[in-house]
file query-v1.txt (compact mmCIF, C-alpha atoms)
# COMPACT_ATOMS: atom_id res chain seq x y z
CA MET A 3 13.35 -17.28 7.32
CA GLU A 4 10.34 -19.54 6.90
CA ASP A 5 9.07 -21.56 3.98
CA ILE A 6 7.14 -18.99 1.96
CA PHE A 7 4.41 -21.53 1.25
CA ASP A 8 3.62 -21.38 4.96
CA THR A 9 2.97 -17.63 4.82
CA LEU A 10 -0.64 -16.48 4.89
CA VAL A 11 -0.57 -15.06 1.36
CA MET A 12 0.75 -18.25 -0.18
CA LYS A 13 -1.61 -20.43 1.88
CA LEU A 14 -4.50 -18.59 0.22
CA VAL A 15 -3.11 -19.06 -3.30
CA ASN A 16 -3.13 -22.51 -4.86
CA THR A 17 0.18 -22.61 -6.70
CA GLN A 18 0.32 -26.40 -6.84
CA ASP A 19 -0.13 -26.66 -10.61
CA ASN A 20 1.86 -23.59 -11.52
CA LYS A 21 5.60 -24.18 -11.46
CA ALA A 22 6.39 -20.78 -13.00
CA LEU A 23 4.51 -18.98 -10.24
CA GLN A 24 6.11 -21.14 -7.57
CA GLU A 25 9.59 -20.33 -8.91
CA ALA A 26 8.81 -16.62 -9.23
CA ALA A 27 7.58 -16.56 -5.62
CA ILE A 28 10.65 -18.44 -4.37
CA ASN A 29 12.87 -15.88 -6.13
CA ARG A 30 11.08 -13.20 -4.13
CA ALA A 31 11.11 -15.20 -0.86
CA ASN A 32 12.43 -12.24 1.13
CA LEU A 33 9.42 -10.16 0.06
CA PHE A 34 6.92 -12.86 1.02
CA ASN A 35 8.62 -13.22 4.39
CA LEU A 36 8.52 -9.46 4.96
CA THR A 37 4.86 -9.48 3.94
CA GLU A 38 4.24 -12.13 6.61
CA GLU A 39 6.16 -10.09 9.21
CA SER A 40 4.08 -7.06 8.24
CA TYR A 41 0.89 -9.10 8.64
CA LEU A 42 1.87 -10.16 12.15
CA ALA A 43 2.86 -6.58 13.01
CA ALA A 44 -0.43 -5.13 11.75
CA ILE A 45 -2.85 -7.78 13.02
CA LYS A 46 -1.14 -9.45 16.00
CA PRO A 47 1.25 -6.90 17.50
CA GLU A 48 2.62 -7.43 20.97
CA HIS A 49 1.76 -3.82 21.85
CA VAL A 50 -1.85 -3.51 20.69
CA GLY A 51 -2.41 0.25 21.11
CA ILE A 52 -5.87 1.57 20.22
CA LEU A 53 -7.07 -1.67 18.55
CA ASN A 54 -6.90 -5.10 20.13
CA HIS A 55 -6.25 -8.22 18.05
CA SER A 56 -9.92 -9.03 17.60
CA GLN A 57 -10.73 -5.50 16.43
CA ARG A 58 -7.81 -5.54 14.00
CA ALA A 59 -9.07 -8.85 12.59
CA ALA A 60 -12.57 -7.39 12.25
CA ILE A 61 -11.25 -4.39 10.32
CA ALA A 62 -9.20 -6.69 8.10
CA THR A 63 -12.26 -8.83 7.41
CA ARG A 64 -14.21 -5.74 6.37
CA ILE A 65 -11.43 -4.56 4.03
CA CYS A 66 -11.19 -8.01 2.41
CA ILE A 67 -14.95 -8.07 1.80
CA LEU A 68 -14.85 -4.54 0.34
CA ASN A 69 -12.13 -5.84 -1.97
CA ASP A 70 -14.20 -8.90 -2.89
CA GLN A 71 -11.62 -11.33 -1.48
CA GLN A 72 -13.52 -14.03 0.34
CA ASP A 73 -10.62 -16.36 1.24
CA ALA A 74 -8.77 -13.67 3.14
CA ALA A 75 -12.04 -12.46 4.70
CA ASP A 76 -12.73 -16.00 5.96
CA HIS A 77 -9.24 -16.19 7.47
CA TYR A 78 -9.62 -12.89 9.28
CA ARG A 79 -13.17 -13.61 10.46
CA ASP A 80 -11.84 -16.68 12.28
CA LEU A 81 -9.51 -14.39 14.26
CA ILE A 82 -12.37 -12.31 15.66
CA THR A 83 -12.75 -13.43 19.25
CA THR A 84 -15.31 -10.92 20.55
CA PRO A 85 -18.87 -10.98 19.16
CA ASP A 86 -19.13 -7.22 19.78
CA ASP A 87 -16.50 -6.74 17.08
CA LEU A 88 -18.57 -8.43 14.37
CA PRO A 89 -20.25 -5.20 13.13
CA MET A 90 -16.79 -3.83 12.35
CA SER A 91 -16.24 -6.80 10.05
CA GLN A 92 -19.39 -6.41 7.98
CA PRO A 93 -19.61 -3.65 5.34
CA GLY A 94 -22.80 -1.69 5.88
CA ALA A 95 -22.84 -2.42 9.62
CA PHE A 96 -21.30 -0.12 12.22
CA PRO A 97 -20.44 -0.58 15.91
CA GLU A 98 -22.45 1.36 18.46
CA THR A 99 -19.44 2.54 20.46
CA THR A 100 -18.74 6.08 19.25
CA ILE A 101 -15.00 5.79 18.74
CA LEU A 102 -15.23 2.39 17.01
CA ASN A 103 -18.01 3.77 14.81
CA ILE A 104 -15.75 6.63 13.74
CA ILE A 105 -12.82 4.29 13.14
CA THR A 106 -15.00 1.96 11.04
CA LYS A 107 -16.19 4.84 8.85
CA HIS A 108 -12.55 5.80 8.37
CA VAL A 109 -11.75 2.23 7.31
CA ASP A 110 -14.44 2.48 4.62
CA LEU A 111 -13.26 5.87 3.38
CA ILE A 112 -9.58 4.97 3.10
CA THR A 113 -10.31 1.58 1.56
CA LEU A 114 -12.92 2.68 -0.96
CA SER A 115 -11.77 6.17 -1.91
CA PRO A 116 -8.50 7.23 -0.27
CA GLN A 117 -8.41 10.23 -2.61
CA ASP A 118 -11.41 11.71 -0.75
CA SER A 119 -9.51 11.91 2.53
CA THR A 120 -8.56 15.49 3.45
CA LYS A 121 -6.98 17.47 6.23
CA GLU A 122 -10.48 17.72 7.73
CA THR A 123 -10.71 13.93 7.87
CA ILE A 124 -7.70 13.77 10.17
CA LYS A 125 -8.94 16.78 12.18
CA GLU A 126 -12.22 14.96 12.79
CA LEU A 127 -10.37 11.90 14.11
CA GLN A 128 -8.33 14.17 16.38
CA SER A 129 -11.47 15.97 17.56
CA ALA A 130 -13.01 12.59 18.42
CA GLY A 131 -10.17 12.10 20.88
CA LEU A 132 -7.76 9.97 18.89
CA THR A 133 -4.08 10.77 19.42
CA ASP A 134 -1.63 11.08 16.55
CA THR A 135 -0.14 7.73 17.50
CA GLN A 136 -3.55 6.06 17.47
CA ILE A 137 -4.38 7.57 14.06
CA VAL A 138 -1.15 6.17 12.63
CA GLU A 139 -1.84 2.76 14.21
CA ILE A 140 -5.28 2.65 12.57
CA SER A 141 -3.88 3.90 9.26
CA ALA A 142 -1.18 1.22 9.33
CA VAL A 143 -3.75 -1.60 9.62
CA ILE A 144 -5.95 -0.20 6.82
CA ALA A 145 -3.02 0.42 4.47
CA PHE A 146 -1.40 -2.97 5.08
CA VAL A 147 -4.53 -5.04 4.49
CA ASN A 148 -5.24 -3.12 1.29
CA TYR A 149 -1.75 -4.19 0.14
CA GLN A 150 -2.04 -7.79 1.24
CA VAL A 151 -5.47 -8.35 -0.29
CA ARG A 152 -4.22 -7.17 -3.69
CA VAL A 153 -1.19 -9.46 -3.61
CA ILE A 154 -3.57 -12.35 -2.91
CA LYS A 155 -5.97 -11.27 -5.68
CA GLY A 156 -3.19 -10.92 -8.23
CA LEU A 157 -1.55 -14.25 -7.40
CA GLN A 158 -4.89 -16.05 -7.38
CA LEU A 159 -5.55 -14.72 -10.86
CA ILE A 160 -2.23 -16.07 -12.13
CA ALA A 161 -2.81 -19.40 -10.38
CA SER A 162 -6.31 -19.72 -11.81
CA ILE A 163 -5.31 -19.23 -15.42
CA SER A 164 -1.72 -19.89 -16.41
CA MET B 7 2.38 30.38 2.97
CA LYS B 8 3.01 27.47 0.62
CA ASN B 9 0.28 26.55 -1.85
CA LYS B 10 -1.22 23.07 -1.92
CA ILE B 11 -0.61 21.22 -5.19
CA LYS B 12 -3.83 19.89 -6.66
CA GLU B 13 -2.74 18.66 -10.08
CA PHE B 14 -0.32 15.89 -11.00
CA THR B 15 3.27 16.97 -11.53
CA THR B 16 6.70 15.45 -11.98
CA ILE B 17 8.24 18.09 -9.70
CA ILE B 18 8.52 16.50 -6.25
CA PRO B 19 6.49 18.59 -3.77
CA PHE B 20 7.17 19.39 -0.14
CA TRP B 21 5.15 16.98 2.04
CA ASN B 22 3.40 18.64 4.96
CA PRO B 23 2.13 16.16 7.58
CA TYR B 24 -1.23 16.55 9.31
CA ILE B 25 0.19 14.46 12.17
CA THR B 26 3.05 15.68 14.35
CA PRO B 27 6.10 13.58 13.44
CA VAL B 28 8.01 11.69 16.10
CA GLN B 29 10.99 13.75 17.29
CA LEU B 30 14.29 11.91 16.98
CA GLU B 31 15.47 13.39 20.29
CA THR B 32 12.59 11.81 22.19
CA ALA B 33 12.13 8.64 20.09
CA THR B 34 11.99 5.32 21.92
CA PRO B 35 14.59 2.60 21.25
CA GLU B 36 11.91 0.68 19.30
CA GLN B 37 11.21 3.74 17.14
CA LEU B 38 14.91 4.33 16.50
CA ASP B 39 15.30 0.69 15.53
CA ALA B 40 12.35 0.90 13.11
CA LEU B 41 13.75 4.15 11.69
CA GLN B 42 17.12 2.42 11.22
CA VAL B 43 18.78 5.45 12.76
CA THR B 44 22.49 5.05 13.32
CA PRO B 45 24.99 7.64 14.57
CA SER B 46 26.12 8.17 10.97
CA ASN B 47 22.60 8.32 9.59
CA THR B 48 20.44 10.79 11.43
CA LYS B 49 18.70 12.42 8.45
CA VAL B 50 15.16 11.03 8.46
CA GLY B 51 12.25 12.38 6.42
CA GLU B 52 9.03 13.68 7.94
CA TYR B 53 6.93 10.93 6.34
CA VAL B 54 8.92 8.17 8.00
CA LEU B 55 8.89 10.09 11.28
CA VAL B 56 5.09 10.16 11.10
CA LEU B 57 4.99 6.41 10.46
CA ALA B 58 7.32 5.91 13.44
CA HIS B 59 4.29 6.48 15.68
CA ASP B 60 3.70 2.78 14.90
CA PRO B 61 7.22 1.32 14.91
CA THR B 62 5.99 -2.29 14.81
CA THR B 63 4.64 -1.98 11.26
CA LEU B 64 7.29 0.51 10.09
CA LYS B 65 10.11 -1.90 10.94
CA HIS B 66 9.09 -4.35 8.20
CA ARG B 67 7.47 -1.87 5.80
CA THR B 68 10.70 -0.10 4.88
CA PRO B 69 12.70 -3.19 3.77
CA LEU B 70 9.61 -4.57 2.03
CA PHE B 71 9.09 -1.34 0.10
CA ASN B 72 12.76 -1.14 -0.87
CA GLY B 73 12.83 -4.82 -1.80
CA ILE B 74 9.86 -4.43 -4.13
CA MET B 75 11.11 -1.25 -5.78
CA TYR B 76 14.81 -2.02 -6.09
CA SER B 77 15.20 -5.81 -6.34
CA ARG B 78 17.32 -7.08 -9.19
CA ASN B 79 16.05 -9.40 -11.96
CA GLY B 80 12.37 -9.66 -12.82
CA LEU B 81 10.56 -6.52 -13.93
CA SER B 82 12.75 -3.63 -15.13
CA ARG B 83 13.16 -0.58 -12.87
CA PRO B 84 11.25 1.76 -15.20
CA GLU B 85 8.35 -0.69 -15.51
CA THR B 86 8.27 -1.07 -11.72
CA GLU B 87 7.98 2.71 -11.47
CA LEU B 88 5.27 2.72 -14.17
CA SER B 89 3.15 0.33 -12.11
CA ALA B 90 3.66 2.54 -9.03
CA VAL B 91 2.58 5.60 -10.99
CA ALA B 92 -0.53 3.86 -12.38
CA THR B 93 -1.66 3.01 -8.85
CA SER B 94 -0.79 6.43 -7.42
CA VAL B 95 -2.69 8.18 -10.22
CA THR B 96 -5.70 5.95 -9.60
CA ASN B 97 -5.63 6.81 -5.89
CA ARG B 98 -4.82 10.48 -6.71
CA CYS B 99 -1.78 10.50 -4.45
CA ILE B 100 -0.07 13.55 -5.92
CA TYR B 101 3.11 13.21 -3.86
CA CYS B 102 3.71 9.51 -4.67
CA THR B 103 2.91 10.14 -8.32
CA ALA B 104 5.44 12.98 -8.53
CA VAL B 105 8.22 10.97 -6.90
CA HIS B 106 7.79 7.92 -9.09
CA ALA B 107 6.94 9.73 -12.33
CA SER B 108 10.12 11.79 -11.98
CA ARG B 109 12.10 8.62 -11.24
CA TYR B 110 10.61 6.98 -14.34
CA ASN B 111 11.66 9.98 -16.43
CA GLU B 112 15.19 9.86 -15.00
CA LEU B 113 15.54 6.13 -15.68
CA THR B 114 14.14 6.27 -19.21
CA LYS B 115 15.53 9.72 -20.08
CA THR B 116 12.13 10.51 -21.57
CA THR B 117 9.14 12.62 -20.58
CA SER B 118 6.51 11.65 -23.15
CA ASP B 119 5.08 8.61 -21.29
CA MET B 120 4.46 10.61 -18.12
CA GLU B 121 3.06 13.50 -20.16
CA ASN B 122 0.60 11.06 -21.70
CA ILE B 123 -0.42 9.78 -18.27
CA LEU B 124 -0.33 12.96 -16.18
CA ASP B 125 -0.78 15.94 -18.48
CA THR B 126 -2.88 14.93 -21.42
CA LYS B 127 -4.58 11.99 -19.64
CA THR B 128 -4.05 9.82 -22.70
CA PRO B 129 -2.34 6.68 -21.40
CA GLU B 130 -3.68 4.83 -24.45
CA LYS B 131 -0.82 6.49 -26.35
CA LEU B 132 1.67 4.36 -24.37
CA ASP B 133 3.21 1.51 -26.35
CA PRO B 134 1.23 -1.75 -25.98
CA ARG B 135 3.50 -3.31 -23.33
CA LYS B 136 3.50 -0.21 -21.15
CA LEU B 137 -0.24 0.22 -21.62
CA ALA B 138 -0.82 -3.38 -20.51
CA ILE B 139 1.21 -2.73 -17.34
CA PHE B 140 -0.59 0.57 -16.74
CA ASN B 141 -4.07 -0.93 -17.18
CA PHE B 142 -3.37 -4.02 -15.05
CA SER B 143 -1.98 -1.88 -12.22
CA LYS B 144 -4.89 0.54 -12.42
CA LYS B 145 -7.47 -2.26 -12.29
CA LEU B 146 -5.70 -3.86 -9.33
CA SER B 147 -5.82 -0.50 -7.52
CA VAL B 148 -9.54 0.19 -7.47
CA THR B 149 -11.74 -1.22 -4.69
CA PRO B 150 -12.68 -3.91 -5.38
CA PRO B 151 -9.98 -4.73 -7.92
CA THR B 152 -11.29 -5.48 -11.43
CA ILE B 153 -8.38 -7.43 -12.94
CA THR B 154 -9.48 -10.30 -15.16
CA GLY B 155 -7.92 -13.09 -17.15
CA ALA B 156 -7.98 -10.80 -20.20
CA ASP B 157 -5.78 -8.26 -18.37
CA LEU B 158 -3.33 -11.00 -17.44
CA GLN B 159 -3.38 -12.29 -21.00
CA SER B 160 -2.63 -8.80 -22.27
CA LEU B 161 0.55 -8.78 -20.13
CA ARG B 162 1.52 -12.22 -21.41
CA ASP B 163 0.82 -11.19 -25.04
CA ASN B 164 3.32 -8.39 -24.53
CA ASP B 165 6.04 -10.85 -23.50
CA LEU B 166 5.85 -10.29 -19.78
CA GLN B 167 6.93 -13.45 -17.96
CA ILE B 168 5.28 -14.73 -14.77
CA ASP B 169 8.10 -13.36 -12.59
CA GLU B 170 7.56 -9.93 -14.15
CA VAL B 171 3.78 -10.16 -13.61
CA LEU B 172 4.45 -10.99 -9.95
CA ASP B 173 6.60 -7.85 -9.69
CA ILE B 174 3.82 -5.74 -11.23
CA ILE B 175 1.40 -7.10 -8.63
CA LEU B 176 3.86 -6.33 -5.83
CA SER B 177 4.64 -2.82 -7.09
CA SER B 178 1.01 -1.88 -7.58
CA SER B 179 0.01 -3.41 -4.23
CA ILE B 180 2.74 -1.70 -2.22
CA PHE B 181 1.36 1.59 -3.56
CA ALA B 182 -2.13 0.61 -2.48
CA TRP B 183 -0.39 0.68 0.93
CA ALA B 184 1.84 3.75 0.45
CA ASN B 185 -0.89 5.93 -1.08
CA ARG B 186 -3.18 5.16 1.88
CA LEU B 187 -0.58 6.64 4.23
CA MET B 188 1.01 9.42 2.20
CA HIS B 189 -2.20 11.03 0.94
CA PRO B 190 -4.42 10.83 4.07
CA LEU B 191 -1.68 11.77 6.55
CA GLY B 192 -0.31 14.85 4.80
CA GLU B 193 -0.52 17.20 1.84
CA PRO B 194 1.74 18.08 -1.11
CA LEU B 195 2.83 21.72 -1.05
CA GLU B 196 4.82 23.87 -3.46
CA HIS B 197 8.39 24.59 -2.47
CA ASN B 198 9.21 28.17 -1.60
CA VAL B 199 10.43 29.96 -4.72

call {"tool": "encode", "arguments": {"input": "query-v1.txt", "output": "structure tokens"}}
result
Amino acid sequence: MEDIFDTLVMKLVNTQDNKALQEAAINRANLFNLTEESYLAAIKPEHVGILNHSQRAAIATRICILNDQQDAADHYRDLITTPDDLPMSQPGAFPETTILNIITKHVDLITLSPQDSTKETIKELQSAGLTDTQIVEISAVIAFVNYQVRVIKGLQLIASIS
Amino acid sequence: MKNKIKEFTTIIPFWNPYITPVQLETATPEQLDALQVTPSNTKVGEYVLVLAHDPTTLKHRTPLFNGIMYSRNGLSRPETELSAVATSVTNRCIYCTAVHASRYNELTKTTSDMENILDTKTPEKLDPRKLAIFNFSKKLSVTPPTITGADLQSLRDNDLQIDEVLDIILSSSIFAWANRLMHPLGEPLEHNV
């Protein structure tokens, strides 16, 4: 188990002047460590599957910007190693490669309005050639970052006020 | 043929995946490890079997989810469920809402709060503390989140301590995750009568 203040979430939240928040976080150390493990699994997995590390970082950057979370977006942007992946990181921009274009549109849909996703949405991904495993891999990245970015937002709010 | 459920309910639906679940008989050792399948525990739900297509993330997701929902101390169990429901309603995840609304009703031995949220769409009838939790969770759930200092202050004015606020953030956020898997990857159906 690592020091929770070395986890990505806590690095992006300035808890220095907030003893109550520090103590609350320490009491939930196992959850911050599991959040860190989940981050590594979603963004830097050993088996990359359909999305390489740079593409995962680009998607995460995009989700953080859509959620108006600049600190996390800056972190993820630094992990993009291929310039071709930059359009995936910028809301409003889309990659030219067909499959990455489709994936990026799916990132926007599930981040902005998950309720609008239907059976047809998944059918379209399947028709584009994505396997069930690849669809779950993509879904896992989108869903995780939407969790992580909200934990950061919530903790930053506490740290900024109380 | 089972009918799709389109309105919120506290009766837990049948979840029908759009993705073919991993079959336990052909699962890889990594998938079995992530599923935490043991010889004495071979009953695994379809939802988790769908997520097992990506065992790397599933492995940590399950203990994280359970840790957030069932940890001792901090926010009470019913209030943790309330935050989960607020997020699931916001994301219109009918399955997640049903599971956690019914759990809230079981824990509190009441039905009026969930009726106010799900049936009559009048969450403002919740008592002030519950309403503060509901509103904070809802505002954290939209994209981008709209929580402000006033929303935090509302929690604090209703005697919620910082450790409890942290638990609200974790509960709401884990459903930002769960809803984005449960709703897009399958549909809630009525059980056969």

call {"tool": "closest_residue", "arguments": {"input": "query-v1.txt", "among": "B:Leu64, B:Ala182, B:Leu166, B:Ala58", "to": "Tyr41 in chain A", "atoms": "only C-alpha atoms"}}
result
B:Leu64

call {"tool": "closest_residue", "arguments": {"input": "query-v1.txt", "among": "B:Thr152, B:Asn97, B:Thr114, B:Thr103", "to": "chain A", "atoms": "only C-alpha atoms"}}
result
B:Asn97

call {"tool": "atom_distance", "arguments": {"input": "query-v1.txt", "atom1": "CA of Ile154 in chain A", "atom2": "CA of Leu191 in chain B"}}
result
26.0 Å

call {"tool": "closest_residue", "arguments": {"input": "query-v1.txt", "among": "A:Lys107, A:His77, A:Lys21, A:His55", "to": "chain B", "atoms": "all atoms listed in the file"}}
result
A:Lys21

call {"tool": "closest_residue", "arguments": {"input": "query-v1.txt", "among": "B:Thr116, B:Thr86, B:Thr32, B:Thr128", "to": "Phe71 in chain B", "atoms": "all atoms listed in the file"}}
result
B:Thr86

call {"tool": "atom_distance", "arguments": {"input": "query-v1.txt", "atom1": "CA of Thr62 in chain B", "atom2": "CA of Arg64 in chain A"}}
result
22.2 Å

call {"tool": "closest_atom_pairs", "arguments": {"input": "query-v1.txt", "of": "range 94-170 of chain B", "to": "range 25-38 of chain A", "cutoff": "9 Å", "atoms": "all atoms listed in the file", "output": "JSON lines"}}
result
{"residue": "B:Ile168", "atom": "CA", "partner": "A:Ala26", "partner_atom": "CA", "distance": 6.8}
{"residue": "B:Asp169", "atom": "CA", "partner": "A:Ala26", "partner_atom": "CA", "distance": 4.7}
{"residue": "B:Glu170", "atom": "CA", "partner": "A:Ala26", "partner_atom": "CA", "distance": 8.4}

call {"tool": "decode", "arguments": {"input": "query-v1.txt", "residues": "range 48-58 of chain A", "atoms": "all heavy atoms", "output": "PDB file, in the first residue's frame"}}
result
ATOM      1  N   GLU A  48      -0.893  -3.307 -18.893  1.00  0.00           N
ATOM      2  CA  GLU A  48       0.168  -4.083 -19.536  1.00  0.00           C
ATOM      3  C   GLU A  48      -0.317  -4.591 -20.899  1.00  0.00           C
ATOM      4  O   GLU A  48       0.372  -4.474 -21.898  1.00  0.00           O
ATOM      5  CB  GLU A  48       0.520  -5.267 -18.632  1.00  0.00           C
ATOM      6  CG  GLU A  48       1.880  -5.857 -18.892  1.00  0.00           C
ATOM      7  CD  GLU A  48       2.236  -6.883 -17.834  1.00  0.00           C
ATOM      8  OE1 GLU A  48       2.067  -6.583 -16.632  1.00  0.00           O
ATOM      9  OE2 GLU A  48       2.643  -7.977 -18.230  1.00  0.00           O
ATOM     10  N   HIS A  49      -1.548  -5.134 -20.898  1.00  0.00           N
ATOM     11  CA  HIS A  49      -2.167  -5.572 -22.156  1.00  0.00           C
ATOM     12  C   HIS A  49      -3.022  -4.414 -22.656  1.00  0.00           C
ATOM     13  O   HIS A  49      -4.043  -4.089 -22.045  1.00  0.00           O
ATOM     14  CB  HIS A  49      -3.023  -6.817 -21.914  1.00  0.00           C
ATOM     15  CG  HIS A  49      -3.914  -7.139 -23.076  1.00  0.00           C
ATOM     16  ND1 HIS A  49      -3.446  -7.688 -24.244  1.00  0.00           N
ATOM     17  CD2 HIS A  49      -5.247  -6.959 -23.253  1.00  0.00           C
ATOM     18  CE1 HIS A  49      -4.456  -7.840 -25.082  1.00  0.00           C
ATOM     19  NE2 HIS A  49      -5.556  -7.402 -24.514  1.00  0.00           N
ATOM     20  N   VAL A  50      -2.609  -3.769 -23.756  1.00  0.00           N
ATOM     21  CA  VAL A  50      -3.282  -2.522 -24.131  1.00  0.00           C
ATOM     22  C   VAL A  50      -4.599  -2.726 -24.878  1.00  0.00           C
ATOM     23  O   VAL A  50      -5.477  -1.887 -24.829  1.00  0.00           O
ATOM     24  CB  VAL A  50      -2.361  -1.603 -24.969  1.00  0.00           C
ATOM     25  CG1 VAL A  50      -1.187  -1.143 -24.136  1.00  0.00           C
ATOM     26  CG2 VAL A  50      -1.905  -2.287 -26.247  1.00  0.00           C
ATOM     27  N   GLY A  51      -4.767  -3.841 -25.586  1.00  0.00           N
ATOM     28  CA  GLY A  51      -6.010  -4.053 -26.324  1.00  0.00           C
ATOM     29  C   GLY A  51      -6.178  -3.064 -27.463  1.00  0.00           C
ATOM     30  O   GLY A  51      -5.211  -2.703 -28.139  1.00  0.00           O
ATOM     31  N   ILE A  52      -7.416  -2.562 -27.637  1.00  0.00           N
ATOM     32  CA  ILE A  52      -7.744  -1.708 -28.782  1.00  0.00           C
ATOM     33  C   ILE A  52      -7.085  -0.327 -28.687  1.00  0.00           C
ATOM     34  O   ILE A  52      -6.814   0.306 -29.701  1.00  0.00           O
ATOM     35  CB  ILE A  52      -9.283  -1.554 -28.931  1.00  0.00           C
ATOM     36  CG1 ILE A  52      -9.700  -0.651 -30.095  1.00  0.00           C
ATOM     37  CG2 ILE A  52      -9.910  -1.021 -27.660  1.00  0.00           C
ATOM     38  CD1 ILE A  52      -9.560  -1.285 -31.442  1.00  0.00           C
ATOM     39  N   LEU A  53      -6.819   0.147 -27.479  1.00  0.00           N
ATOM     40  CA  LEU A  53      -6.278   1.509 -27.295  1.00  0.00           C
ATOM     41  C   LEU A  53      -4.904   1.451 -26.649  1.00  0.00           C
ATOM     42  O   LEU A  53      -4.750   0.871 -25.566  1.00  0.00           O
ATOM     43  CB  LEU A  53      -7.206   2.326 -26.397  1.00  0.00           C
ATOM     44  CG  LEU A  53      -8.624   2.580 -26.924  1.00  0.00           C
ATOM     45  CD1 LEU A  53      -9.528   3.060 -25.782  1.00  0.00           C
ATOM     46  CD2 LEU A  53      -8.592   3.612 -28.053  1.00  0.00           C
ATOM     47  N   ASN A  54      -3.911   2.073 -27.307  1.00  0.00           N
ATOM     48  CA  ASN A  54      -2.589   2.107 -26.667  1.00  0.00           C
ATOM     49  C   ASN A  54      -2.562   3.176 -25.569  1.00  0.00           C
ATOM     50  O   ASN A  54      -3.540   3.917 -25.383  1.00  0.00           O
ATOM     51  CB  ASN A  54      -1.479   2.315 -27.712  1.00  0.00           C
ATOM     52  CG  ASN A  54      -1.603   3.655 -28.418  1.00  0.00           C
ATOM     53  OD1 ASN A  54      -1.973   4.649 -27.813  1.00  0.00           O
ATOM     54  ND2 ASN A  54      -1.284   3.680 -29.713  1.00  0.00           N
ATOM     55  N   HIS A  55      -1.456   3.261 -24.859  1.00  0.00           N
ATOM     56  CA  HIS A  55      -1.391   4.172 -23.705  1.00  0.00           C
ATOM     57  C   HIS A  55      -1.614   5.631 -24.109  1.00  0.00           C
ATOM     58  O   HIS A  55      -2.290   6.385 -23.412  1.00  0.00           O
ATOM     59  CB  HIS A  55      -0.039   4.028 -22.993  1.00  0.00           C
ATOM     60  CG  HIS A  55       0.106   2.730 -22.270  1.00  0.00           C
ATOM     61  ND1 HIS A  55       1.226   2.386 -21.563  1.00  0.00           N
ATOM     62  CD2 HIS A  55      -0.734   1.661 -22.146  1.00  0.00           C
ATOM     63  CE1 HIS A  55       1.083   1.179 -21.032  1.00  0.00           C
ATOM     64  NE2 HIS A  55      -0.095   0.717 -21.379  1.00  0.00           N
ATOM     65  N   SER A  56      -1.056   6.013 -25.229  1.00  0.00           N
ATOM     66  CA  SER A  56      -1.184   7.399 -25.672  1.00  0.00           C
ATOM     67  C   SER A  56      -2.646   7.715 -26.015  1.00  0.00           C
ATOM     68  O   SER A  56      -3.166   8.784 -25.675  1.00  0.00           O
ATOM     69  CB  SER A  56      -0.280   7.621 -26.895  1.00  0.00           C
ATOM     70  OG  SER A  56      -0.394   8.936 -27.375  1.00  0.00           O
ATOM     71  N   GLN A  57      -3.309   6.780 -26.676  1.00  0.00           N
ATOM     72  CA  GLN A  57      -4.721   6.993 -27.030  1.00  0.00           C
ATOM     73  C   GLN A  57      -5.601   7.033 -25.778  1.00  0.00           C
ATOM     74  O   GLN A  57      -6.546   7.827 -25.688  1.00  0.00           O
ATOM     75  CB  GLN A  57      -5.193   5.880 -27.980  1.00  0.00           C
ATOM     76  CG  GLN A  57      -4.555   5.990 -29.357  1.00  0.00           C
ATOM     77  CD  GLN A  57      -4.678   4.721 -30.174  1.00  0.00           C
ATOM     78  OE1 GLN A  57      -4.875   3.624 -29.638  1.00  0.00           O
ATOM     79  NE2 GLN A  57      -4.560   4.842 -31.484  1.00  0.00           N
ATOM     80  N   ARG A  58      -5.302   6.203 -24.813  1.00  0.00           N
ATOM     81  CA  ARG A  58      -6.055   6.223 -23.548  1.00  0.00           C
ATOM     82  C   ARG A  58      -5.868   7.572 -22.851  1.00  0.00           C
ATOM     83  O   ARG A  58      -6.831   8.146 -22.317  1.00  0.00           O
ATOM     84  CB  ARG A  58      -5.581   5.072 -22.640  1.00  0.00           C
ATOM     85  CG  ARG A  58      -6.060   3.711 -23.100  1.00  0.00           C
ATOM     86  CD  ARG A  58      -5.333   2.563 -22.393  1.00  0.00           C
ATOM     87  NE  ARG A  58      -5.704   1.283 -22.969  1.00  0.00           N
ATOM     88  CZ  ARG A  58      -6.592   0.429 -22.447  1.00  0.00           C
ATOM     89  NH1 ARG A  58      -7.139   0.698 -21.277  1.00  0.00           N
ATOM     90  NH2 ARG A  58      -6.887  -0.693 -23.052  1.00  0.00           N
TER      91      ARG A  58
END
